[in-house]
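Novice: Submitted below is the structure of interest, expressed as structure tokens.
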Amino acid sequence: MMMSAFLNVNEIKEKVSLLELLKNLGFTPQKVSGGEHFFLSMLREEYTASLCVNDELGVWFDHGGPGVSGIRSGSVIDFGLAYWYPSGFPEVLHKIVEYAQVDLAGAVNIASHRVDHRRPTKIPRYSVERMEELGTNAAISAYLDSRGIGRVAKGHLYELYYAVLDGKNKQRNFFAAGWPNENGGWEVRNKYFKGCLGHKGVSFLEGSAKRLCVFEGYFDFLSWRVEHAKDPASILVLNSLSLLQTAKARAAKFDVVELYFDHDKAGRAATCEFVAEVELSRDCSWVYSGFKDYNEKLVASLNAQHKIASALSSCSNNLGLPFER
């Protein structure tokens with residue numbers, strides 16, 4: 001198959017099935033649950049299938065953590081960047097097309113050097129049916145409470161109800177907590193799924209023009225908000241470390257930049273890169289020292305409080321004394 005010198009990123013995302021790509025690379029799922037396929041991660045060594053692919057949404061997520069590339073979720077292109085790391089972006093695009101064995105409309109014809117500006121017609125694989133304020137769906141509210149962010153989520157998260165067309169053109173309905181990103185996509189989370197409807201992008205909340213707080217994940221931002229309810233800082237959430245370059249460019253406009261990235265290899269590498277390249281940026285992840293991220297610290301704190309309350313309640317009951325919560 002002859003490939004063009006330039007490949008259309010959107011066309012690759014729309015036409016390449018990640019499941020088909022994995023099959024051609026020699027990988028098979030260990031189990032299938034609903035529309036989700038679980039693989040032994042090919043990005044690192046593991047013994048329990050934790051890399052989840054939802055081909056209907058065109059997204060994947062490695063529950064076990066990122067490999068050496070630092071990428072743990074995203075589109076088929078994000079997977080290619082992680083799998084063929086440290087290959088460059090153009091090389092990865094060509095590898096995806098080669099192994100997926102799909103025909104793409106060439107944007108540049110090598111022989112004639114004529115540019116073809118035609119764009120593929122996208123057949124929607126999902127549709128957002130409706131968006132509601134938090135509070136009407138008990139399952140979503142319980143999930144957010146379990147993550148310790150339920151009390152600050154209103155106004156930042158929404159109940160998203162969406163439909164997906166499967167391979168047999170049958171509609172399947174889902175719901176999740178969601179928030180928009182700047183590329184028109186919706187980041188969605190529930191107890192069983194973490195992904196993105198549409199294109200990945202950062203999420204920005206405007207506040208102070210001088211101070212910016214940068215978070216790797218949205219739930220980490222909301223965990224910070226629990227402890228800083230009235231902080232006026234502007235907020236930038238990457239939603240994926242693959243958007244680090246975008247974040248650095250945005251952060252350069254602020255006088256003070258506070259970083260709250262994960263305490264893993266990828267997060268620490270991103271922090272070091274950020275601090276080295278963006279003047280006046282500083283690592284603030286010490287506030288959740290001993291934990292992977294801000295949300296893990298918050299959940300651990302809440303669990304400890306519940307255990308203490310339960311122990312006091314049990315003690316007072318054994319003594320026959322009233323206990324007031």
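Numbering starts fresh at 1 for the residues of each chain in the structure tokens, the chains themselves are lettered A, B, ... in the order given, and ligands are numbered from 1 as they appear.
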Excluding His63 (chain A) and residues on its chain fewer than 2 positions from it, collect all residues at most 8 Å away from it, counting only C-alpha atoms, and give them as a list in words.

Specialist: Ser50, Leu51, Cys52, Phe61, Gly65 and Arg72 of chain A

Novice: Write the selection just made, keeping N, CA, C and O atoms, as a tab-separated table (two decimals), in the first residue's frame?

Specialist:
```
chain	number	residue	atom	x	y	z
A	50	SER	N	-5.74	-5.30	32.23
A	50	SER	CA	-6.22	-4.01	32.73
A	50	SER	C	-6.28	-2.93	31.66
A	50	SER	O	-6.70	-1.82	31.94
A	51	LEU	N	-5.85	-3.23	30.45
A	51	LEU	CA	-5.95	-2.25	29.38
A	51	LEU	C	-7.29	-2.44	28.69
A	51	LEU	O	-7.56	-3.48	28.09
A	52	CYS	N	-8.16	-1.44	28.84
A	52	CYS	CA	-9.54	-1.54	28.37
A	52	CYS	C	-9.71	-0.76	27.07
A	52	CYS	O	-9.30	0.39	26.96
A	61	PHE	N	-8.06	2.82	27.79
A	61	PHE	CA	-7.53	3.29	29.07
A	61	PHE	C	-6.83	2.14	29.75
A	61	PHE	O	-7.36	1.04	29.83
A	65	GLY	N	-1.89	1.72	34.89
A	65	GLY	CA	-0.90	2.80	34.88
A	65	GLY	C	-0.20	2.90	33.53
A	65	GLY	O	-0.29	2.00	32.69
A	72	ARG	N	-1.52	6.85	29.10
A	72	ARG	CA	-2.31	5.72	29.60
A	72	ARG	C	-3.73	5.69	29.06
A	72	ARG	O	-4.52	4.85	29.44
```

Novice: Can you tell me, as a ChimeraX atom specification, what residues are no more than 12 Å from Tyr218 (chain A) when counting only C-alpha atoms, ignoring any on the same chain fewer than 3 positions away?

Specialist: /A:147,149,153,156-157,177-181,187-189,194,202-205,213-215,221-225,235-240,260-261,293-295

Novice: Which one of A:Glu20, A:Val152, A:Val275, A:Gly70 sits closest to His228 (chain A) if you count only C-alpha atoms?

Specialist: A:Val152

Novice: Which residues in region 72-299 of chain A does DSSP call alpha helix (DSSP H)? List them as an mmCIF file with C-alpha atoms, in the first residue's frame.

Specialist:
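The resulting file, states.cif, is reproduced below:
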```cif
data_model
loop_
_atom_site.group_PDB
_atom_site.id
_atom_site.type_symbol
_atom_site.label_atom_id
_atom_site.label_comp_id
_atom_site.auth_asym_id
_atom_site.auth_seq_id
_atom_site.Cartn_x
_atom_site.Cartn_y
_atom_site.Cartn_z
ATOM 1 C CA VAL A 76 -5.875 5.097 18.522
ATOM 2 C CA ILE A 77 -3.154 7.679 17.856
ATOM 3 C CA ASP A 78 -2.383 8.037 21.565
ATOM 4 C CA PHE A 79 -2.066 4.245 21.680
ATOM 5 C CA GLY A 80 0.343 4.285 18.740
ATOM 6 C CA LEU A 81 2.491 6.931 20.421
ATOM 7 C CA ALA A 82 2.628 4.779 23.567
ATOM 8 C CA TYR A 83 3.197 1.447 21.778
ATOM 9 C CA PHE A 89 4.529 11.481 15.458
ATOM 10 C CA PRO A 90 4.694 11.109 11.619
ATOM 11 C CA GLU A 91 6.333 7.682 11.902
ATOM 12 C CA VAL A 92 3.659 6.493 14.342
ATOM 13 C CA LEU A 93 0.857 7.623 11.999
ATOM 14 C CA HIS A 94 2.364 5.615 9.152
ATOM 15 C CA LYS A 95 2.769 2.548 11.380
ATOM 16 C CA ILE A 96 -0.885 2.746 12.435
ATOM 17 C CA VAL A 97 -2.058 2.862 8.833
ATOM 18 C CA GLU A 98 0.328 0.075 7.832
ATOM 19 C CA TYR A 99 -0.764 -2.366 10.540
ATOM 20 C CA ALA A 100 -4.453 -1.400 10.488
ATOM 21 C CA ALA A 138 -28.297 8.350 42.285
ATOM 22 C CA ALA A 139 -25.603 6.147 40.748
ATOM 23 C CA ILE A 140 -23.587 9.121 39.492
ATOM 24 C CA SER A 141 -23.974 10.966 42.797
ATOM 25 C CA ALA A 142 -22.867 7.882 44.765
ATOM 26 C CA TYR A 143 -19.810 7.487 42.537
ATOM 27 C CA LEU A 144 -18.775 11.118 43.031
ATOM 28 C CA ASP A 145 -19.321 10.822 46.793
ATOM 29 C CA SER A 146 -17.120 7.716 46.839
ATOM 30 C CA TYR A 218 -10.164 16.714 36.639
ATOM 31 C CA PHE A 219 -10.927 14.745 39.801
ATOM 32 C CA ASP A 220 -7.606 15.983 41.194
ATOM 33 C CA PHE A 221 -8.734 19.551 40.523
ATOM 34 C CA LEU A 222 -12.022 18.897 42.336
ATOM 35 C CA SER A 223 -10.128 17.301 45.238
ATOM 36 C CA TRP A 224 -8.073 20.501 45.471
ATOM 37 C CA ARG A 225 -11.305 22.498 45.323
ATOM 38 C CA VAL A 226 -12.593 20.633 48.411
ATOM 39 C CA GLU A 227 -9.692 22.140 50.354
ATOM 40 C CA LEU A 244 1.501 18.678 28.037
ATOM 41 C CA GLN A 245 2.805 20.917 25.243
ATOM 42 C CA THR A 246 -0.558 22.674 25.034
ATOM 43 C CA ALA A 247 -0.549 23.211 28.789
ATOM 44 C CA LYS A 248 2.960 24.701 28.810
ATOM 45 C CA ALA A 249 2.023 27.184 26.113
ATOM 46 C CA ARG A 250 -1.065 28.297 28.033
ATOM 47 C CA ALA A 251 0.776 28.500 31.352
ATOM 48 C CA LYS A 265 7.172 8.152 36.625
ATOM 49 C CA ALA A 266 5.191 9.959 33.937
ATOM 50 C CA GLY A 267 3.851 12.612 36.291
ATOM 51 C CA ARG A 268 7.253 13.361 37.760
ATOM 52 C CA ALA A 269 8.811 13.583 34.292
ATOM 53 C CA ALA A 270 6.071 15.988 33.193
ATOM 54 C CA THR A 271 6.616 18.116 36.307
ATOM 55 C CA CYS A 272 10.365 18.341 35.714
ATOM 56 C CA GLU A 273 9.816 19.291 32.071
ATOM 57 C CA PHE A 274 7.237 21.908 33.010
ATOM 58 C CA VAL A 275 9.376 23.524 35.706
ATOM 59 C CA ALA A 276 12.413 23.584 33.401
ATOM 60 C CA GLU A 277 10.583 25.228 30.505
ATOM 61 C CA TYR A 294 -4.629 14.542 45.042
ATOM 62 C CA ASN A 295 -7.788 12.455 44.840
ATOM 63 C CA GLU A 296 -6.140 9.391 46.379
ATOM 64 C CA LYS A 297 -5.115 11.531 49.342
ATOM 65 C CA LEU A 298 -8.651 12.910 49.717
ATOM 66 C CA VAL A 299 -10.289 9.467 49.569
#
```

Novice: As a ChimeraX atom specification, please: the residues near region 161-166 of chain A (cut-off 10 Å, only C-alpha atoms, same-chain neighbours under 4 positions excluded).

Specialist: /A:35,55-57,124-132,170-178,197

Novice: Report the residues of region 238-306 of chain A whose backbone DSSP state falls under strand (DSSP E), written as number ranges by chain.

Specialist: A: 256-260, 281-283

Novice: Just the selected residues (N, CA and C atoms), exported as a PDB file, in the first residue's frame, please.

Specialist:
```pdb
ATOM      1  N   VAL A 256       2.413  33.206  38.023  1.00  0.00           N
ATOM      2  CA  VAL A 256       2.664  32.106  38.958  1.00  0.00           C
ATOM      3  C   VAL A 256       1.904  30.874  38.475  1.00  0.00           C
ATOM      4  N   VAL A 257       2.587  29.745  38.407  1.00  0.00           N
ATOM      5  CA  VAL A 257       1.973  28.495  37.936  1.00  0.00           C
ATOM      6  C   VAL A 257       2.245  27.400  38.960  1.00  0.00           C
ATOM      7  N   GLU A 258       1.185  26.791  39.489  1.00  0.00           N
ATOM      8  CA  GLU A 258       1.305  25.705  40.464  1.00  0.00           C
ATOM      9  C   GLU A 258       0.946  24.383  39.792  1.00  0.00           C
ATOM     10  N   LEU A 259       1.790  23.398  39.955  1.00  0.00           N
ATOM     11  CA  LEU A 259       1.625  22.106  39.285  1.00  0.00           C
ATOM     12  C   LEU A 259       1.204  21.024  40.275  1.00  0.00           C
ATOM     13  N   TYR A 260       0.181  20.259  39.891  1.00  0.00           N
ATOM     14  CA  TYR A 260      -0.324  19.172  40.726  1.00  0.00           C
ATOM     15  C   TYR A 260      -0.448  17.908  39.860  1.00  0.00           C
ATOM     16  N   SER A 281       7.015  28.488  37.281  1.00  0.00           N
ATOM     17  CA  SER A 281       6.160  27.345  37.617  1.00  0.00           C
ATOM     18  C   SER A 281       6.816  26.564  38.744  1.00  0.00           C
ATOM     19  N   ARG A 282       6.009  25.939  39.604  1.00  0.00           N
ATOM     20  CA  ARG A 282       6.567  25.222  40.748  1.00  0.00           C
ATOM     21  C   ARG A 282       5.749  23.975  41.051  1.00  0.00           C
ATOM     22  N   ASP A 283       6.436  22.981  41.544  1.00  0.00           N
ATOM     23  CA  ASP A 283       5.814  21.703  41.890  1.00  0.00           C
ATOM     24  C   ASP A 283       5.136  21.815  43.252  1.00  0.00           C
TER      25      ASP A 283
END
```

Novice: Nearest to Gln305 (chain A): which of A:Pro232, A:Gly148, A:Asn10, A:Cys196 is it, counting only C-alpha atoms?

Specialist: A:Gly148

Novice: Would you work out the distance separating CA of His263 (chain A) from CA of Ala209 (chain A), expressed in Å to one decimal?

Specialist: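 We find that CA of His263 (chain A) and CA of Ala209 (chain A) lie 27.8 Å from each other.
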
Novice: Lys23 (chain A): which residues within 12 Å, counting only C-alpha atoms, same-chain residues fewer than 6 positions away excluded, as a PDB file with N, CA, C and O atoms, in the first residue's frame?

Specialist:
```pdb
ATOM      1  N   SER A  17      -9.914   1.142  13.418  1.00  0.00           N
ATOM      2  CA  SER A  17     -10.424   0.476  14.613  1.00  0.00           C
ATOM      3  C   SER A  17      -9.246   0.031  15.463  1.00  0.00           C
ATOM      4  O   SER A  17      -8.352  -0.680  14.982  1.00  0.00           O
ATOM      5  N   PRO A  29      -8.053 -10.007  23.247  1.00  0.00           N
ATOM      6  CA  PRO A  29      -8.560  -9.650  24.578  1.00  0.00           C
ATOM      7  C   PRO A  29      -8.673 -10.862  25.485  1.00  0.00           C
ATOM      8  O   PRO A  29      -8.990 -11.966  25.033  1.00  0.00           O
ATOM      9  N   HIS A  37     -13.322  -4.309  25.882  1.00  0.00           N
ATOM     10  CA  HIS A  37     -12.410  -5.433  25.685  1.00  0.00           C
ATOM     11  C   HIS A  37     -11.178  -5.215  26.551  1.00  0.00           C
ATOM     12  O   HIS A  37     -10.545  -4.161  26.481  1.00  0.00           O
ATOM     13  N   PHE A  39      -7.375  -6.240  27.698  1.00  0.00           N
ATOM     14  CA  PHE A  39      -6.148  -6.871  27.233  1.00  0.00           C
ATOM     15  C   PHE A  39      -5.096  -6.850  28.342  1.00  0.00           C
ATOM     16  O   PHE A  39      -5.089  -5.957  29.189  1.00  0.00           O
ATOM     17  N   TYR A  99      -0.298  -1.182   9.825  1.00  0.00           N
ATOM     18  CA  TYR A  99      -0.764  -2.366  10.540  1.00  0.00           C
ATOM     19  C   TYR A  99      -2.291  -2.480  10.561  1.00  0.00           C
ATOM     20  O   TYR A  99      -2.829  -3.583  10.634  1.00  0.00           O
ATOM     21  N   ALA A 100      -2.990  -1.346  10.500  1.00  0.00           N
ATOM     22  CA  ALA A 100      -4.453  -1.400  10.488  1.00  0.00           C
ATOM     23  C   ALA A 100      -4.974  -1.830   9.130  1.00  0.00           C
ATOM     24  O   ALA A 100      -6.111  -2.272   9.006  1.00  0.00           O
ATOM     25  N   GLN A 101      -4.143  -1.677   8.083  1.00  0.00           N
ATOM     26  CA  GLN A 101      -4.496  -2.099   6.723  1.00  0.00           C
ATOM     27  C   GLN A 101      -5.775  -1.424   6.231  1.00  0.00           C
ATOM     28  O   GLN A 101      -6.711  -2.082   5.769  1.00  0.00           O
TER      29      GLN A 101
END
```

Novice: So that I can see what lies close to Gly64 (chain A), please list as a list in words the residues with an atom at most 12 Å from it, counting only C-alpha atoms and leaving out residues fewer than 6 positions away in the same chain.

Specialist: Phe38, Phe39, Leu40, Ser41, Met42, Leu43, Arg44, Glu45, Glu46, Tyr47, Thr48, Ala49, Ser50, Leu51, Cys52, Ile71, Arg72, Ser73 and Asp264 of chain A

Novice: For each of A:Lys230, A:Lys292, A:Lys191, A:Arg211, take the minimum atom-to-atom distance to Asp255 (chain A), counting only C-alpha atoms, then give the residue where this is smallest.

Specialist: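 Closest residue, counting only C-alpha atoms: A:Arg211.
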
Novice: Just give me the gap between CA of Asp231 (chain A) and CA of Leu280 (chain A) in Å, one decimal is fine.

Specialist: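 Between CA of Asp231 (chain A) and CA of Leu280 (chain A) the gap is 19.1 Å.
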